[in-house]
>>> print(open('final.cif').read())   # mmCIF, C-alpha atoms
data_final
loop_
_atom_site.label_atom_id
_atom_site.label_comp_id
_atom_site.auth_asym_id
_atom_site.auth_seq_id
_atom_site.Cartn_x
_atom_site.Cartn_y
_atom_site.Cartn_z
CA MET M 5 -17.79 -13.10 -39.02
CA LYS M 6 -17.65 -13.35 -35.23
CA LYS M 7 -16.49 -16.96 -35.41
CA TYR M 8 -13.87 -15.99 -37.97
CA SER M 9 -12.51 -13.28 -35.63
CA ILE M 10 -12.27 -15.74 -32.75
CA LEU M 11 -10.37 -18.14 -35.01
CA ILE M 12 -7.89 -15.41 -35.92
CA ILE M 13 -7.27 -14.65 -32.25
CA ILE M 14 -6.61 -18.26 -31.27
CA LEU M 15 -4.40 -18.86 -34.28
CA ALA M 16 -2.44 -15.71 -33.53
CA PHE M 17 -1.97 -16.81 -29.93
CA LEU M 18 -0.99 -20.33 -30.86
CA HIS M 19 1.37 -19.45 -33.65
CA LEU M 20 3.00 -16.41 -32.15
CA ALA M 21 3.80 -17.95 -28.79
CA PRO M 22 7.02 -19.37 -30.17
CA SER M 23 8.19 -22.93 -30.19
CA GLU M 24 11.65 -21.65 -31.10
CA LEU M 25 12.05 -20.83 -27.48
CA PHE M 26 14.78 -20.59 -24.93
CA ALA M 27 14.95 -23.52 -22.60
CA GLN M 28 15.19 -22.04 -19.17
CA GLY M 29 18.88 -22.37 -18.35
CA CYS M 30 22.21 -23.99 -19.16
CA VAL M 31 20.55 -27.10 -20.61
CA ALA M 32 19.74 -25.12 -23.75
CA ILE M 33 22.55 -24.13 -26.07
CA ARG M 34 20.45 -21.31 -27.46
CA GLN M 35 16.86 -20.69 -28.42
CA PHE M 36 15.17 -23.80 -29.69
CA SER M 37 14.72 -24.15 -33.38
CA GLY M 38 11.11 -24.97 -34.09
CA LEU M 39 9.23 -23.42 -36.97
CA GLY M 40 5.50 -23.90 -36.58
CA ASN M 41 4.77 -21.16 -34.11
CA ALA M 42 6.75 -18.59 -36.03
CA VAL M 43 4.30 -18.86 -38.90
CA GLY M 44 1.67 -16.65 -37.35
CA GLN M 45 -1.88 -16.95 -38.68
CA GLY M 46 -0.56 -18.93 -41.63
CA ASN M 47 -3.71 -20.88 -42.41
CA ILE M 48 -6.08 -17.90 -42.35
CA LEU M 49 -4.04 -15.79 -44.74
CA ASN M 50 -5.25 -15.58 -48.28
CA LYS M 51 -2.99 -16.62 -51.09
CA GLY M 52 -0.23 -14.05 -51.54
CA GLU M 53 -0.56 -12.48 -48.09
CA TRP M 54 2.19 -12.00 -45.51
CA ASN M 55 2.65 -12.02 -41.75
CA VAL M 56 5.63 -10.31 -40.11
CA SER M 57 6.35 -10.76 -36.42
CA ALA M 58 9.01 -9.86 -33.85
CA ASN M 59 9.37 -12.18 -30.87
CA TYR M 60 11.36 -11.10 -27.77
CA ARG M 61 12.41 -13.64 -25.14
CA TYR M 62 14.21 -13.29 -21.80
CA PHE M 63 15.24 -15.50 -18.91
CA LYS M 64 17.68 -15.57 -16.01
CA SER M 65 18.92 -18.98 -14.90
CA PHE M 66 20.57 -19.48 -11.51
CA ARG M 67 19.05 -22.54 -9.78
CA HIS M 68 21.38 -25.54 -10.05
CA PHE M 69 20.05 -29.05 -10.51
CA ARG M 70 21.88 -32.36 -10.61
CA GLY M 71 19.28 -34.79 -11.85
CA THR M 72 16.01 -33.64 -10.30
CA GLU M 73 17.60 -32.45 -7.04
CA GLU M 74 18.25 -28.75 -6.58
CA GLU M 75 21.59 -27.78 -5.05
CA HIS M 76 20.34 -25.05 -2.72
CA ASN M 77 23.83 -24.43 -1.34
CA ARG M 78 24.96 -22.93 -4.63
CA ILE M 79 22.84 -19.84 -3.97
CA THR M 80 23.62 -19.57 -0.26
CA ASP M 81 27.35 -20.00 -0.99
CA HIS M 82 27.14 -17.49 -3.88
CA THR M 83 28.77 -19.99 -6.24
CA GLU M 84 25.82 -20.21 -8.64
CA VAL M 85 26.28 -19.60 -12.36
CA ILE M 86 23.96 -16.88 -13.66
CA ASN M 87 22.92 -16.77 -17.30
CA MET M 88 20.89 -13.86 -18.65
CA GLN M 89 19.72 -14.22 -22.23
CA HIS M 90 17.81 -11.88 -24.51
CA GLY M 91 16.59 -13.02 -27.92
CA LEU M 92 14.79 -11.35 -30.79
CA ASP M 93 13.44 -13.35 -33.72
CA ILE M 94 12.19 -11.63 -36.86
CA ASN M 95 9.76 -14.03 -38.54
CA ILE M 96 8.39 -13.55 -42.05
CA SER M 97 5.69 -15.93 -43.26
CA TYR M 98 3.89 -16.15 -46.59
CA ALA M 99 0.73 -18.01 -47.61
CA PHE M 100 1.17 -19.77 -50.94
CA SER M 101 -2.43 -20.99 -50.66
CA GLU M 102 -5.14 -21.55 -48.08
CA ARG M 103 -3.18 -24.54 -46.76
CA LEU M 104 0.47 -24.15 -47.77
CA TYR M 105 2.73 -21.63 -46.02
CA GLY M 106 6.43 -20.84 -45.81
CA LEU M 107 8.57 -18.82 -43.47
CA VAL M 108 12.01 -17.44 -42.67
CA SER M 109 13.16 -16.87 -39.09
CA LEU M 110 16.08 -14.51 -38.38
CA PRO M 111 17.33 -14.75 -34.76
CA PHE M 112 19.42 -12.22 -32.83
CA GLN M 113 20.85 -12.73 -29.34
CA TYR M 114 22.55 -10.98 -26.44
CA ASN M 115 23.86 -13.20 -23.63
CA GLU M 116 25.65 -12.71 -20.32
CA ARG M 117 27.14 -15.41 -18.08
CA SER M 118 28.43 -14.68 -14.58
CA SER M 119 30.45 -17.27 -12.66
CA LEU M 120 33.34 -17.97 -10.30
CA TYR M 121 34.54 -21.38 -11.48
CA GLU M 122 35.34 -20.29 -15.04
CA HIS M 123 37.68 -17.59 -13.75
CA ASN M 124 39.89 -17.53 -10.64
CA ARG M 125 37.22 -19.06 -8.36
CA THR M 126 37.49 -16.15 -5.91
CA GLU M 127 35.97 -13.28 -7.89
CA ARG M 128 32.82 -13.25 -10.01
CA HIS M 129 33.29 -12.15 -13.63
CA THR M 130 30.96 -11.95 -16.63
CA THR M 131 31.42 -13.21 -20.17
CA TYR M 132 29.34 -12.11 -23.16
CA SER M 133 28.15 -13.11 -26.61
CA LYS M 134 25.96 -11.26 -29.06
CA GLY M 135 25.00 -11.36 -32.71
CA PHE M 136 23.10 -13.34 -35.31
CA GLY M 137 21.98 -16.87 -34.44
CA ASP M 138 21.11 -19.95 -36.47
CA MET M 139 18.71 -19.00 -39.28
CA ARG M 140 15.71 -21.21 -40.04
CA ILE M 141 13.56 -21.64 -43.11
CA GLY M 142 10.65 -23.98 -43.60
CA ALA M 143 7.20 -24.72 -44.88
CA GLY M 144 4.03 -26.30 -43.55
CA TYR M 145 0.76 -27.72 -44.78
CA TRP M 146 -2.65 -27.70 -43.10
CA LEU M 147 -4.33 -31.10 -43.41
CA LEU M 148 -7.90 -29.84 -43.71
CA SER M 149 -9.59 -27.12 -45.77
CA GLY M 150 -12.99 -25.55 -46.29
CA GLU M 151 -15.90 -27.11 -44.41
CA LYS M 152 -13.68 -29.83 -42.94
CA ALA M 153 -11.61 -27.21 -41.09
CA GLN M 154 -14.50 -25.47 -39.31
CA LYS M 155 -14.00 -27.32 -36.03
CA GLY M 156 -10.23 -27.39 -36.12
CA ASN M 157 -7.10 -28.14 -38.07
CA THR M 158 -3.62 -29.61 -37.82
CA ALA M 159 -0.52 -28.64 -39.76
CA ILE M 160 2.70 -30.52 -40.30
CA GLY M 161 5.93 -28.82 -41.31
CA LEU M 162 9.52 -29.34 -42.36
CA GLY M 163 12.40 -26.93 -42.01
CA ILE M 164 16.14 -26.51 -42.07
CA LYS M 165 18.27 -24.84 -39.41
CA PHE M 166 21.46 -23.37 -40.91
CA PRO M 167 24.70 -22.92 -38.92
CA THR M 168 24.78 -19.13 -39.40
CA GLY M 169 25.40 -18.32 -35.72
CA ASP M 170 28.91 -18.10 -34.31
CA TYR M 171 29.52 -21.43 -32.54
CA ALA M 172 33.00 -20.45 -31.32
CA ALA M 173 32.30 -17.03 -29.79
CA THR M 174 34.94 -15.82 -27.35
CA SER M 175 35.08 -13.48 -24.39
CA THR M 176 37.56 -12.43 -21.69
CA PHE M 177 38.16 -14.74 -18.73
CA TYR M 178 40.28 -13.93 -15.68
CA LYS M 179 42.62 -16.78 -14.74
CA GLY M 180 44.84 -17.56 -11.79
CA LEU M 181 45.63 -15.68 -8.61
CA GLU M 182 46.65 -12.65 -10.63
CA SER M 183 43.40 -12.64 -12.66
CA VAL M 184 45.22 -12.64 -15.99
CA PRO M 185 42.82 -11.62 -18.81
CA THR M 186 42.51 -14.57 -21.18
CA GLU M 187 40.51 -14.76 -24.39
CA GLN M 188 38.76 -18.10 -24.86
CA THR M 189 35.51 -19.60 -26.09
CA VAL M 190 32.42 -18.93 -23.96
CA ASP M 191 30.31 -21.65 -22.39
CA GLN M 192 28.12 -23.74 -24.66
CA SER M 193 24.96 -22.27 -23.10
CA ILE M 194 25.67 -18.80 -24.53
CA GLN M 195 27.15 -19.73 -27.89
CA LEU M 196 25.20 -18.13 -30.75
CA GLY M 197 24.96 -21.31 -32.82
CA ASP M 198 25.78 -25.01 -32.67
CA GLY M 199 27.71 -25.40 -35.92
CA GLY M 200 25.41 -28.01 -37.44
CA THR M 201 22.75 -28.12 -40.13
CA GLY M 202 19.55 -29.39 -38.57
CA LEU M 203 16.35 -30.92 -39.95
CA ILE M 204 13.19 -29.73 -38.19
CA VAL M 205 9.95 -31.71 -38.10
CA ASP M 206 7.04 -29.97 -36.44
CA PHE M 207 3.29 -29.91 -36.03
CA GLN M 208 0.65 -27.53 -34.68
CA GLY M 209 -3.10 -27.51 -34.38
CA LEU M 210 -6.24 -26.34 -32.65
CA TRP M 211 -9.77 -27.64 -32.18
CA ASN M 212 -12.92 -25.98 -30.97
CA ILE M 213 -14.07 -27.73 -27.79
CA GLY M 214 -17.18 -25.67 -27.13
CA SER M 215 -18.25 -22.07 -27.61
CA THR M 216 -15.17 -19.84 -27.34
CA ASN M 217 -12.79 -22.46 -25.95
CA PHE M 218 -10.11 -24.15 -28.05
CA LEU M 219 -7.63 -26.94 -27.52
CA TYR M 220 -4.21 -26.07 -28.92
CA TYR M 221 -1.07 -28.15 -29.37
CA ASP M 222 2.26 -27.86 -31.12
CA GLY M 223 5.74 -29.29 -30.98
CA PHE M 224 8.91 -29.99 -32.88
CA TYR M 225 11.99 -32.17 -32.98
CA MET M 226 15.24 -30.95 -34.50
CA PHE M 227 17.61 -33.64 -35.78
CA ASN M 228 21.26 -32.58 -35.62
CA PRO M 229 23.27 -35.38 -37.30
CA LYS M 230 26.63 -33.66 -36.82
CA GLU M 231 28.35 -35.03 -33.71
CA THR M 232 30.76 -32.26 -32.61
CA ASN M 233 31.64 -28.80 -33.94
CA GLY M 234 35.34 -28.52 -33.05
CA THR M 235 34.83 -25.75 -30.47
CA PRO M 236 36.84 -26.28 -27.25
CA THR M 237 34.90 -26.32 -23.99
CA ASN M 238 37.93 -25.65 -21.73
CA ARG M 239 36.74 -28.47 -19.48
CA ARG M 240 38.93 -31.00 -17.68
CA TYR M 241 37.76 -34.34 -19.12
CA GLU M 242 39.19 -35.35 -22.49
CA ASN M 243 35.89 -36.81 -23.70
CA GLU M 244 34.07 -33.52 -23.04
CA ALA M 245 36.77 -31.22 -24.42
CA ILE M 246 34.80 -30.45 -27.62
CA MET M 247 31.22 -29.17 -27.86
CA SER M 248 28.52 -31.54 -29.02
CA VAL M 249 25.84 -30.67 -31.60
CA PRO M 250 22.71 -32.05 -29.93
CA ASP M 251 19.15 -32.67 -31.03
CA GLN M 252 16.44 -30.49 -29.46
CA PHE M 253 12.71 -30.88 -28.82
CA ALA M 254 9.65 -29.11 -27.42
CA LEU M 255 5.97 -29.91 -26.92
CA ARG M 256 3.17 -27.71 -25.59
CA THR M 257 -0.59 -27.99 -25.25
CA GLY M 258 -3.42 -26.25 -23.44
CA VAL M 259 -6.75 -24.48 -23.67
CA PHE M 260 -7.36 -21.03 -25.14
CA HIS M 261 -10.39 -18.91 -24.25
CA SER M 262 -11.63 -15.97 -26.32
CA PHE M 263 -13.55 -13.34 -24.33
CA GLU M 264 -16.85 -12.51 -26.01
CA LYS M 265 -17.35 -9.22 -24.15
CA VAL M 266 -13.91 -7.84 -25.06
CA HIS M 267 -13.38 -8.27 -28.79
CA GLY M 268 -9.84 -9.30 -29.63
CA LEU M 269 -8.86 -10.44 -26.12
CA GLY M 270 -7.89 -14.01 -25.36
CA ALA M 271 -6.12 -15.99 -22.65
CA SER M 272 -4.75 -19.49 -22.28
CA LEU M 273 -3.43 -21.97 -19.76
CA GLY M 274 -1.33 -24.91 -20.77
CA GLY M 275 1.78 -26.94 -20.18
CA ARG M 276 5.02 -27.49 -22.02
CA ILE M 277 8.08 -29.70 -21.99
CA GLU M 278 11.34 -28.78 -23.69
CA GLY M 279 14.84 -30.11 -23.64
CA ILE M 280 17.92 -31.76 -25.08
CA PRO M 281 18.13 -35.59 -25.26
CA VAL M 282 21.08 -37.62 -24.01
CA HIS M 283 21.47 -39.34 -27.40
CA ASP M 284 20.76 -37.98 -30.88
CA VAL M 285 18.45 -39.91 -33.18
CA PHE M 286 20.97 -39.81 -36.05
CA GLY M 287 24.74 -39.51 -35.81
CA GLY M 288 26.94 -39.79 -32.74
CA SER M 289 26.38 -38.17 -29.38
CA GLU M 290 29.95 -37.64 -28.20
CA GLY M 291 31.33 -34.32 -27.04
CA PHE M 292 30.08 -32.11 -24.26
CA ARG M 293 26.39 -31.32 -23.83
CA ARG M 294 24.08 -30.66 -20.90
CA PRO M 295 21.07 -32.88 -21.59
CA GLY M 296 17.88 -32.49 -19.63
CA TYR M 297 14.36 -31.16 -19.77
CA ILE M 298 11.99 -28.67 -18.16
CA ILE M 299 8.26 -29.08 -17.56
CA SER M 300 6.39 -25.80 -17.14
CA VAL M 301 2.91 -24.42 -16.70
CA GLU M 302 2.26 -21.74 -19.30
CA PRO M 303 -0.27 -18.94 -18.76
CA GLY M 304 -0.69 -16.44 -21.57
CA ILE M 305 -2.71 -13.55 -22.90
CA SER M 306 -3.21 -12.05 -26.35
CA TYR M 307 -4.92 -9.05 -27.90
CA MET M 308 -5.68 -8.32 -31.53
CA LEU M 309 -6.46 -4.85 -32.90
CA GLY M 310 -7.11 -4.87 -36.62
CA ASN M 311 -4.21 -6.66 -38.30
CA VAL M 312 -1.87 -6.25 -35.31
CA THR M 313 -1.64 -8.94 -32.64
CA GLY M 314 0.31 -8.95 -29.39
CA THR M 315 0.89 -12.03 -27.24
CA LEU M 316 2.54 -12.56 -23.87
CA ASN M 317 3.41 -16.01 -22.50
CA VAL M 318 5.20 -16.69 -19.22
CA PRO M 319 6.14 -20.38 -18.79
CA ILE M 320 6.82 -21.11 -15.09
CA ALA M 321 9.06 -24.09 -14.33
CA LEU M 322 7.48 -26.90 -12.30
CA PHE M 323 9.97 -29.73 -12.83
CA ARG M 324 13.62 -29.57 -13.88
CA ASN M 325 15.92 -32.50 -14.63
CA ARG M 326 19.56 -32.33 -15.67
CA THR M 327 20.02 -35.87 -16.95
CA GLN M 328 23.31 -37.75 -17.04
CA SER M 329 25.15 -37.09 -20.31
CA VAL M 330 27.11 -39.51 -22.49
CA THR M 331 30.38 -38.06 -21.18
CA ASP M 332 29.08 -38.33 -17.60
CA ILE M 333 28.41 -42.02 -18.20
CA GLU M 334 31.82 -42.55 -19.83
CA ASN M 335 33.61 -40.83 -16.94
CA SER M 336 31.73 -42.77 -14.27
CA THR M 337 33.17 -45.77 -12.43
CA PRO M 338 31.53 -48.31 -10.09
CA ASP M 339 32.85 -46.28 -7.15
CA ASN M 340 32.21 -42.81 -8.56
CA GLU M 341 29.14 -41.78 -10.53
CA VAL M 342 29.70 -38.61 -12.52
CA HIS M 343 26.59 -36.49 -12.98
CA GLY M 344 27.01 -32.90 -14.15
CA ASP M 345 24.75 -30.08 -13.07
CA ALA M 346 23.00 -27.26 -14.90
CA ALA M 347 21.41 -23.96 -13.94
CA PHE M 348 17.73 -23.40 -14.70
CA ALA M 349 15.44 -20.37 -14.59
CA ASP M 350 12.22 -20.02 -12.65
CA TYR M 351 10.33 -18.53 -15.58
CA LEU M 352 10.64 -17.42 -19.19
CA ILE M 353 9.15 -14.31 -20.81
CA ASN M 354 7.90 -14.45 -24.42
CA PHE M 355 6.40 -11.36 -26.03
CA THR M 356 5.45 -11.17 -29.70
CA LEU M 357 4.10 -8.39 -31.87
CA ALA M 358 2.83 -9.44 -35.30
CA VAL M 359 1.43 -7.60 -38.29
CA ARG M 360 -0.73 -9.36 -40.86
CA ILE M 361 -0.42 -7.76 -44.30
CA PRO M 362 -3.68 -8.44 -46.18
CA LYS M 363 -3.81 -8.62 -49.93
CA LYS M 364 -5.75 -5.35 -50.21
CA ALA M 365 -3.06 -3.45 -48.32
CA LYS M 366 -0.44 -4.92 -50.62
CA GLU M 367 -2.40 -3.83 -53.70
CA VAL M 368 -2.76 -0.29 -52.32
CA PHE M 369 0.96 -0.13 -51.59
CA ASN M 370 1.86 -1.32 -55.09
CA SER M 371 -0.42 1.31 -56.67
CA LEU M 372 1.37 4.20 -54.95
#
>>> encode(input="final.cif", output="structure tokens")
Amino acid sequence: MKKYSILIIILAFLHLAPSELFAQGCVAIRQFSGLGNAVGQGNILNKGEWNVSANYRYFKSFRHFRGTEEEHNRITDHTEVINMQHGLDINISYAFSERLYGLVSLPFQYNERSSLYEHNRTERHTTYSKGFGDMRIGAGYWLLSGEKAQKGNTAIGLGIKFPTGDYAATSTFYKGLESVPTEQTVDQSIQLGDGGTGLIVDFQGLWNIGSTNFLYYDGFYMFNPKETNGTPTNRRYENEAIMSVPDQFALRTGVFHSFEKVHGLGASLGGRIEGIPVHDVFGGSEGFRRPGYIISVEPGISYMLGNVTGTLNVPIALFRNRTQSVTDIENSTPDNEVHGDAAFADYLINFTLAVRIPKKAKEVFNSL
């Protein structure tokens, strides 16, 4: 029973620390669209049981990078772009069997973006977007069962990301010397969706590596075959005038420790990489995107009380790289290399509260 409780804690921590995360800055269009970690305790649910979770995420990006070099002058000159993003995902998972699970993820967002260059370049103004994001549904399958799964397990999953979020959201910009209010589409980094239907391939797993210590790992890749979504960027180059629909990826791994003296308490330390590639695997890669990646160290803590589990993860950026995009390469000449920049955050906050609904509770509810 004790071993079973420890397994629940580590699975809760692993699955509820979301892979559908925000990349920490302008590189990300919106929260990433993985599925595996939204499942929540999927492989320890009995057939017919549910898990419902709410995941809140926040970051503030303001440090500008061009390649791997930070442009420190942007902060001292007060010309930095500041993105503040809040996200809430409602995740509902269901166990069809000991090994097969399914889920639905419903994302909501509120975003703010403060800048000079998008307005009159002399006064700082803020644009906004809020609403429903790109919905995801999927299913996964644990490779081992019964006795074979005592030391650990790995699941593979498939999902679909639907273009339910507004990918042409607008806000008020202030243009020219007279600061004329102008309604136009907001920056790609705070759009609510990308306008494409994506295929998600993911995996997750954990293995006991001695006593109350576990190795965990999970990741995903989202294929976005659609090339562009028709939304204007309001940028100067013709070949970056329309927003791209890029692929996305994330990978994380680390060690989780369950405290024997405090039942239900666990902590972890790991690393993660997340980003947007320069080229998509399928389809074209034209249009405007900010490719790049972030490598972070990820401490976390979790606590389970009965069927309720809370987790807190705070990835801290160690390495940030805004890579050269396709349009950067196309606009470059032998005498002038074009390399766009992007703003990144120092850290990301993920907090999740999940409720496991056991079969007995469901039977009691139905009898009322």
>>> resolve_selection(input="final.cif", expression="the PyMOL selection byres ((chain M and resi 273) around 6)", output="list of chain:residue names")
M:Gly258, M:Val259, M:Ser272, M:Gly274, M:Glu302, M:Pro303
>>> write_last_selection(input="final.cif", atoms="C-alpha atoms", output="short mmCIF file (atom, residue, chain, number, x, y, z; two decimals), keeping the file's coordinate frame")
data_model
loop_
_atom_site.label_atom_id
_atom_site.label_comp_id
_atom_site.auth_asym_id
_atom_site.auth_seq_id
_atom_site.Cartn_x
_atom_site.Cartn_y
_atom_site.Cartn_z
CA GLY M 258 -3.42 -26.25 -23.44
CA VAL M 259 -6.75 -24.48 -23.67
CA SER M 272 -4.75 -19.49 -22.28
CA GLY M 274 -1.33 -24.91 -20.77
CA GLU M 302 2.26 -21.74 -19.30
CA PRO M 303 -0.27 -18.94 -18.76
#
>>> closest_residue(input="final.cif", among="M:Phe286, M:Phe218, M:Tyr178, M:Phe348", to="Phe260 in chain M", atoms="all atoms listed in the file")
M:Phe218
>>> atom_distance(input="final.cif", atom1="CA of Asp191 in chain M", atom2="CA of Ala347 in chain M")
12.5 Å
>>> residues_near_point(input="final.cif", point="(28.8, -18.8, -26.4)", cutoff="8 Å", atoms="only C-alpha atoms", output="list in words")
Asn115, Tyr132, Ser133, Asp170, Tyr171, Ala172, Ala173, Thr174, Thr189, Val190, Asp191, Gln192, Ser193, Ile194, Gln195, Leu196 and Gly197 of chain M
>>> resolve_selection(input="final.cif", expression="the PyMOL selection byres ((chain M and resi 221) around 8)", output="PDB file with C-alpha atoms, in the coordinates of the input")
ATOM      1  CA  LEU M  18      -0.990 -20.330 -30.860  1.00  0.00           C
ATOM      2  CA  GLN M 208       0.650 -27.530 -34.680  1.00  0.00           C
ATOM      3  CA  GLY M 209      -3.100 -27.510 -34.380  1.00  0.00           C
ATOM      4  CA  LEU M 210      -6.240 -26.340 -32.650  1.00  0.00           C
ATOM      5  CA  LEU M 219      -7.630 -26.940 -27.520  1.00  0.00           C
ATOM      6  CA  TYR M 220      -4.210 -26.070 -28.920  1.00  0.00           C
ATOM      7  CA  ASP M 222       2.260 -27.860 -31.120  1.00  0.00           C
ATOM      8  CA  GLY M 223       5.740 -29.290 -30.980  1.00  0.00           C
ATOM      9  CA  LEU M 255       5.970 -29.910 -26.920  1.00  0.00           C
ATOM     10  CA  ARG M 256       3.170 -27.710 -25.590  1.00  0.00           C
ATOM     11  CA  THR M 257      -0.590 -27.990 -25.250  1.00  0.00           C
ATOM     12  CA  GLY M 258      -3.420 -26.250 -23.440  1.00  0.00           C
TER      13      GLY M 258
END
>>> resolve_selection(input="final.cif", expression="the PyMOL selection byres ((chain M and resi 137) around 6)", output="ChimeraX atom specification")
/M:111-112,136,138,169,196-197
>>> atom_distance(input="final.cif", atom1="CA of Val330 in chain M", atom2="CA of Asp284 in chain M")
10.6 Å
>>> residues_around(input="final.cif", residues="range 225-230 of chain M", least_positions_apart="2", cutoff="12 Å", atoms="all atoms listed in the file", output="VMD selection string")
chain M and resid 23 to 24 36 to 40 140 160 to 167 198 to 207 222 to 223 232 to 234 247 to 255 277 to 281 283 to 291
>>> write_last_selection(input="final.cif", atoms="C-alpha atoms", output="mmCIF file, keeping the file's coordinate frame")
data_model
loop_
_atom_site.group_PDB
_atom_site.id
_atom_site.type_symbol
_atom_site.label_atom_id
_atom_site.label_comp_id
_atom_site.auth_asym_id
_atom_site.auth_seq_id
_atom_site.Cartn_x
_atom_site.Cartn_y
_atom_site.Cartn_z
ATOM 1 C CA SER M 23 8.190 -22.930 -30.190
ATOM 2 C CA GLU M 24 11.650 -21.650 -31.100
ATOM 3 C CA PHE M 36 15.170 -23.800 -29.690
ATOM 4 C CA SER M 37 14.720 -24.150 -33.380
ATOM 5 C CA GLY M 38 11.110 -24.970 -34.090
ATOM 6 C CA LEU M 39 9.230 -23.420 -36.970
ATOM 7 C CA GLY M 40 5.500 -23.900 -36.580
ATOM 8 C CA ARG M 140 15.710 -21.210 -40.040
ATOM 9 C CA ILE M 160 2.700 -30.520 -40.300
ATOM 10 C CA GLY M 161 5.930 -28.820 -41.310
ATOM 11 C CA LEU M 162 9.520 -29.340 -42.360
ATOM 12 C CA GLY M 163 12.400 -26.930 -42.010
ATOM 13 C CA ILE M 164 16.140 -26.510 -42.070
ATOM 14 C CA LYS M 165 18.270 -24.840 -39.410
ATOM 15 C CA PHE M 166 21.460 -23.370 -40.910
ATOM 16 C CA PRO M 167 24.700 -22.920 -38.920
ATOM 17 C CA ASP M 198 25.780 -25.010 -32.670
ATOM 18 C CA GLY M 199 27.710 -25.400 -35.920
ATOM 19 C CA GLY M 200 25.410 -28.010 -37.440
ATOM 20 C CA THR M 201 22.750 -28.120 -40.130
ATOM 21 C CA GLY M 202 19.550 -29.390 -38.570
ATOM 22 C CA LEU M 203 16.350 -30.920 -39.950
ATOM 23 C CA ILE M 204 13.190 -29.730 -38.190
ATOM 24 C CA VAL M 205 9.950 -31.710 -38.100
ATOM 25 C CA ASP M 206 7.040 -29.970 -36.440
ATOM 26 C CA PHE M 207 3.290 -29.910 -36.030
ATOM 27 C CA ASP M 222 2.260 -27.860 -31.120
ATOM 28 C CA GLY M 223 5.740 -29.290 -30.980
ATOM 29 C CA THR M 232 30.760 -32.260 -32.610
ATOM 30 C CA ASN M 233 31.640 -28.800 -33.940
ATOM 31 C CA GLY M 234 35.340 -28.520 -33.050
ATOM 32 C CA MET M 247 31.220 -29.170 -27.860
ATOM 33 C CA SER M 248 28.520 -31.540 -29.020
ATOM 34 C CA VAL M 249 25.840 -30.670 -31.600
ATOM 35 C CA PRO M 250 22.710 -32.050 -29.930
ATOM 36 C CA ASP M 251 19.150 -32.670 -31.030
ATOM 37 C CA GLN M 252 16.440 -30.490 -29.460
ATOM 38 C CA PHE M 253 12.710 -30.880 -28.820
ATOM 39 C CA ALA M 254 9.650 -29.110 -27.420
ATOM 40 C CA LEU M 255 5.970 -29.910 -26.920
ATOM 41 C CA ILE M 277 8.080 -29.700 -21.990
ATOM 42 C CA GLU M 278 11.340 -28.780 -23.690
ATOM 43 C CA GLY M 279 14.840 -30.110 -23.640
ATOM 44 C CA ILE M 280 17.920 -31.760 -25.080
ATOM 45 C CA PRO M 281 18.130 -35.590 -25.260
ATOM 46 C CA HIS M 283 21.470 -39.340 -27.400
ATOM 47 C CA ASP M 284 20.760 -37.980 -30.880
ATOM 48 C CA VAL M 285 18.450 -39.910 -33.180
ATOM 49 C CA PHE M 286 20.970 -39.810 -36.050
ATOM 50 C CA GLY M 287 24.740 -39.510 -35.810
ATOM 51 C CA GLY M 288 26.940 -39.790 -32.740
ATOM 52 C CA SER M 289 26.380 -38.170 -29.380
ATOM 53 C CA GLU M 290 29.950 -37.640 -28.200
ATOM 54 C CA GLY M 291 31.330 -34.320 -27.040
#
>>> closest_residue(input="final.cif", among="M:Asn325, M:Thr356, M:Thr186, M:Ser300", to="Val312 in chain M", atoms="only C-alpha atoms")
M:Thr356
>>> closest_residue(input="final.cif", among="M:Val184, M:Val301, M:Ala346, M:Ile361", to="Thr313 in chain M", atoms="only C-alpha atoms")
M:Ile361
>>> atom_distance(input="final.cif", atom1="CA of Asn50 in chain M", atom2="CA of Val359 in chain M")
14.4 Å
>>> closest_residue(input="final.cif", among="M:Asn311, M:Asn55, M:Ser65, M:Ser262", to="Ser109 in chain M", atoms="only C-alpha atoms")
M:Asn55
>>> closest_residue(input="final.cif", among="M:Lys363, M:Glu127, M:Ile298, M:Glu244", to="Tyr98 in chain M", atoms="only C-alpha atoms")
M:Lys363
>>> residues_around(input="final.cif", residues="Arg326 in chain M", least_positions_apart="4", cutoff="12 Å", atoms="all atoms listed in the file", output="JSON, numbers by chain")
{"M": [28, 29, 30, 31, 32, 67, 68, 69, 70, 71, 72, 73, 74, 75, 279, 280, 281, 282, 293, 294, 295, 296, 297, 298, 299, 332, 343, 344, 345, 346, 347, 348]}
>>> axis_aligned_box(input="final.cif", around="range 251-270 of chain M", padding_each_side="8 Å", output="AutoDock Vina command-line options")
--center_x 0.9 --center_y -20.3 --center_z -27.2 --size_x 52.5 --size_y 40.8 --size_z 23.6
>>> closest_residue(input="final.cif", among="M:Ala99, M:Ile94, M:Asp81, M:Val266", to="Pro362 in chain M", atoms="all atoms listed in the file")
M:Ala99
>>> residues_near_point(input="final.cif", point="(33.8, -20.4, -9.6)", cutoff="12 Å", atoms="only C-alpha atoms", output="list in words")
Arg78, Asp81, His82, Thr83, Glu84, Val85, Ile86, Arg117, Ser118, Ser119, Leu120, Tyr121, Glu122, His123, Asn124, Arg125, Thr126, Glu127, Arg128, His129, Thr130, Phe177, Tyr178, Lys179 and Gly180 of chain M
